[in-house]
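Contents: one structure, followed by commentary.
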Amino acid sequence: MSKSIDSVNWFFVPYDQLNHDIFPWADSNRDNNGLIFIESSKKGNSKNFHKQKLALLLSNMRHFSKEAESLGHPIIYKSTTLGYSEVLEDLYEQIGSIKVVKPAERELRFELEPLGKAGKIQFLEHDGWLTKRSWFLESVGDKPPFRMDRFYQRVRKETGILMEQGKPTGGKYSFDSENRFPWKGDPETQKELEFEVDEIDNEVMDLVNEKFSSHPGKCDLSKVPTTLEQNIDSLNWALGNLPHFGRYEDAMSTKSRYLFHSKLATSINLHRLSPREVIDSALSAQAPLNSLEGFFRQMIWREYVRHIHEVTDGFRALEVFDKDSGEPNFLNQNNPLPETYWGKKSGFNCLDDVVESVMDEGWTHHIPRLMILSNFANLLDINPRELTTWFHEAFIDAYDWVVEPNVLGMGTYSLGDAMMTKPYISGTPYINKMSDYCKTCKFDPKKNCMVSNLYWAFIERHKSAFEGNIRMAMPLRSLAKRSDEKKEQDKLSFEYILSTLSRDDEVMIQS
């Protein structure tokens with residue numbers, strides 16, 4: 001280092017703040033702003049994280065530290081079996097007070113809080129967000145029910161994005177009704193990017209395979225960006241998808257895991273790409289209004305769930321908890337997550353295809369997450385926290401502030417109507433309409449697929465919880481007209497599928 005260690009302003013850089021321009025260490029002479037990085041195997045082993053997630057994070061952090069060093073920053077890089085707070089407390093004794101931009105993850109904030117109270121670290125505001133807390137509180141409030149529309153409209157008005165003379169461009173705030181088309185193979189999708197793997201990538205993959213050998217999945221860093229240049233390449237690739245993103249936003253296919261989705265959540269949640277950079281690039285792209293609006297709404301949803309997670313202290317401030325477990329569980333769903341979610345074949349092509357994608361890449365786009373993975377878990381009464389933990393472990397873009405609202409509040413109905421007016425569930429017809437999964441499945445969607453049986457059995461089991469819910473009035477009326485014979489078949493199908501998957505067996509066609 002060119003400077004004495006005690007004459008430098010030191011910043012601890014958490015694993016998800018890997019940006020050279022938007023945080024305080026870029027505000028003055030970089031050679032006066034030292035950066036501290038910590039690789040903690042304690043953190044890596046705190047959950048059963050997918051190998052690809054661990055490799056992606058570690059390689060991006062190592063590349064970022066090298067990039068920062070080339071920009072002039074003094075660097076302290078620690079690899080340890082200890083936790084972050086233990087390492088920082090030891091460093092405090094050597095270099096004095098350490099600055100930390102407020103971590104996005106509650107888990108890390110909670111760990112570092114005692115050091116802040118002791119004056120050993122100084123928390124700074126996080127400038128990597130697009131929206132202000134005041135916008136959220138003034139439009140939505142700090143207590144449920146939380147609804148996205150009010151916040152989204154406030155953001156549009158405050159930013160002027162997709163607005164003309166105070167009115168939404170195109171005459172309405174949402175074009176969601178234009179974004180629900182299945183994809184039949186035309187237009188063609190782009191070829192997925194394949195990234196060059198360098199020495200750092202190889203070192204990280206070797207480390208993960210050795211130190212985290214018992215963790216699920218595999219790591220292949222040719223599938224994800226790790227350098228700044230590669231993350232920028234990802235943005236440019238995503239812009240090429242944008243023209244068709246809107247129309248096929250809800251589509252699913254065995255022929256393309258991403259269709260026209262950007263796959264940028266990984267880069268954005270690490271802050272390799274700033275949200276503002278991504279939004280500016282998207283708005284300058286040549287794409288139809290429904291695609292631009294749908295993309296921007298996705299970005300604001302990300303901000304929205306972050307606000308909810310913080311104002312509720314990760315839902316701990318809400319009275320929607322199971323008395324025994326202390327966890328959100330509005331429908332009292334307590335079945336264990338089957339091994340199907342870790343790769344055991346279920347027999348349902350839709351579920352098996354999506355799980356294969358997750359085990360292979362640690363990723364699938366948001367509709368399979370919601371309408372396949374969460375849907376099956378809902379219909380099988382899987383414990384919501386077990387499902388949330390699985391998402392946290394299995395997905396490369398999952399952190400507590402984003403995964404908990406998305407799974408507990410939207411993917412399941414464990415928060416009741418705190419975030420959603422009704423559960424996101426479906427039977428066979430929706431899956432058949434919006435995907436091609438049924439075409440290669442042994443179950444015929446019109447004859448013997450039991451997903452619809454699961455759907456009606458779910459409504460029957462929980463009908464008392466939905467009484468008075470306007471959004472559930474139609475399904476409840478349809479349920480009331482369903483014959484006792486069909487209801488019995490629904491119940492038997494549910495019991496058969498649940499018991500079969502619990503034994504790690506494959507569901508078969510029933511005569």
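So you can find residues: chains in the structure tokens are A, B, ... in the order shown, residues in each start at 1, and ligands are numbered from 1 in order.
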Would you mind listing what lies within 7 Å of Val8 in chain A as a JSON list (two decimals) with C-alpha atoms, in the first residue's frame, with only C-alpha atoms counted and same-chain residues fewer than 4 positions away left out?
```json
[["chain", "number", "residue", "atom", "x", "y", "z"],
["A", 32, "ASN", "CA", -7.58, 7.71, 0.53],
["A", 33, "ASN", "CA", -10.51, 5.29, 0.70],
["A", 34, "GLY", "CA", -9.52, 1.77, 1.65]]
```
field: Close residues, Lys47 in chain A itself excluded, 9 Å, only C-alpha atoms, min 4 positions apart in chain, as a VMD selection string
entry: chain A and resid 43 389 392 to 393
Would you write out those residues with C-alpha atoms, as a CSV table (one decimal), in the first residue's frame?
```csv
chain,number,residue,atom,x,y,z
A,43,LYS,CA,-21.6,-17.3,6.1
A,389,THR,CA,-35.4,-21.1,2.8
A,392,HIS,CA,-32.9,-18.4,-0.5
A,393,GLU,CA,-30.5,-21.3,-0.8
```
query: range 59-271 of chain A: which residues are alpha helix (DSSP H) by DSSP, as a PyMOL selection string?
result: chain A and resi 59-70+84-95+106-117+133-139+148-159+199-211+228-245+265-269
- prompt: Looking only at the backbone, which of the residues in range 57-210 of chain A does DSSP tag as strand (DSSP E), as a list in words?
  reply: Ile75, Ile76, Tyr77, Lys78, Ser79, Thr80, Ile98, Lys99, Val100, Val101, Ile121, Gln122, Phe123, Leu124, Met163, Glu164, Lys167 and Pro168 of chain A
Requested write-out: N, CA and C atoms of the selected residues, as an mmCIF file, in the first residue's frame:
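What landed in out06.cif:
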```
data_model
loop_
_atom_site.group_PDB
_atom_site.id
_atom_site.type_symbol
_atom_site.label_atom_id
_atom_site.label_comp_id
_atom_site.auth_asym_id
_atom_site.auth_seq_id
_atom_site.Cartn_x
_atom_site.Cartn_y
_atom_site.Cartn_z
ATOM 1 N N ILE A 75 -6.474 -1.961 -0.266
ATOM 2 C CA ILE A 75 -7.356 -3.130 -0.100
ATOM 3 C C ILE A 75 -6.899 -3.965 1.097
ATOM 4 N N ILE A 76 -7.867 -4.368 1.914
ATOM 5 C CA ILE A 76 -7.672 -5.428 2.899
ATOM 6 C C ILE A 76 -8.632 -6.551 2.527
ATOM 7 N N TYR A 77 -8.127 -7.731 2.242
ATOM 8 C CA TYR A 77 -8.958 -8.857 1.817
ATOM 9 C C TYR A 77 -8.728 -10.010 2.780
ATOM 10 N N LYS A 78 -9.791 -10.412 3.471
ATOM 11 C CA LYS A 78 -9.689 -11.463 4.474
ATOM 12 C C LYS A 78 -10.493 -12.696 4.060
ATOM 13 N N SER A 79 -9.876 -13.858 4.153
ATOM 14 C CA SER A 79 -10.580 -15.127 4.020
ATOM 15 C C SER A 79 -10.561 -15.792 5.383
ATOM 16 N N THR A 80 -11.735 -16.163 5.889
ATOM 17 C CA THR A 80 -11.821 -16.555 7.283
ATOM 18 C C THR A 80 -12.917 -17.579 7.513
ATOM 19 N N ILE A 98 -14.470 1.955 11.321
ATOM 20 C CA ILE A 98 -14.686 1.482 9.956
ATOM 21 C C ILE A 98 -16.071 1.928 9.501
ATOM 22 N N LYS A 99 -16.153 2.431 8.309
ATOM 23 C CA LYS A 99 -17.440 2.856 7.752
ATOM 24 C C LYS A 99 -18.088 1.690 7.004
ATOM 25 N N VAL A 100 -19.408 1.620 7.090
ATOM 26 C CA VAL A 100 -20.166 0.581 6.402
ATOM 27 C C VAL A 100 -21.436 1.201 5.840
ATOM 28 N N VAL A 101 -21.633 1.090 4.538
ATOM 29 C CA VAL A 101 -22.915 1.473 3.965
ATOM 30 C C VAL A 101 -23.956 0.472 4.461
ATOM 31 N N ILE A 121 -17.967 0.687 14.265
ATOM 32 C CA ILE A 121 -18.264 0.918 12.857
ATOM 33 C C ILE A 121 -19.283 2.046 12.757
ATOM 34 N N GLN A 122 -19.252 2.750 11.628
ATOM 35 C CA GLN A 122 -20.169 3.865 11.382
ATOM 36 C C GLN A 122 -21.023 3.528 10.170
ATOM 37 N N PHE A 123 -22.335 3.493 10.370
ATOM 38 C CA PHE A 123 -23.245 3.175 9.274
ATOM 39 C C PHE A 123 -23.529 4.411 8.433
ATOM 40 N N LEU A 124 -23.484 4.240 7.120
ATOM 41 C CA LEU A 124 -23.787 5.300 6.161
ATOM 42 C C LEU A 124 -25.007 4.907 5.340
ATOM 43 N N MET A 163 -43.902 9.298 -18.161
ATOM 44 C CA MET A 163 -44.959 10.260 -17.883
ATOM 45 C C MET A 163 -44.882 11.398 -18.896
ATOM 46 N N GLU A 164 -46.033 11.956 -19.242
ATOM 47 C CA GLU A 164 -46.113 13.106 -20.134
ATOM 48 C C GLU A 164 -47.127 14.095 -19.575
ATOM 49 N N LYS A 167 -49.261 12.854 -16.793
ATOM 50 C CA LYS A 167 -50.093 11.690 -17.082
ATOM 51 C C LYS A 167 -49.217 10.537 -17.567
ATOM 52 N N PRO A 168 -49.635 9.304 -17.296
ATOM 53 C CA PRO A 168 -48.826 8.166 -17.756
ATOM 54 C C PRO A 168 -48.795 8.077 -19.271
#
```
task: Please identify all polymer residues within 12 Å of Asp505 in chain A, counting only C-alpha atoms, omitting same-chain residues fewer than 3 positions from it, and present them as number ranges by chain.
output: A: 338-340, 343-348, 496-502, 508
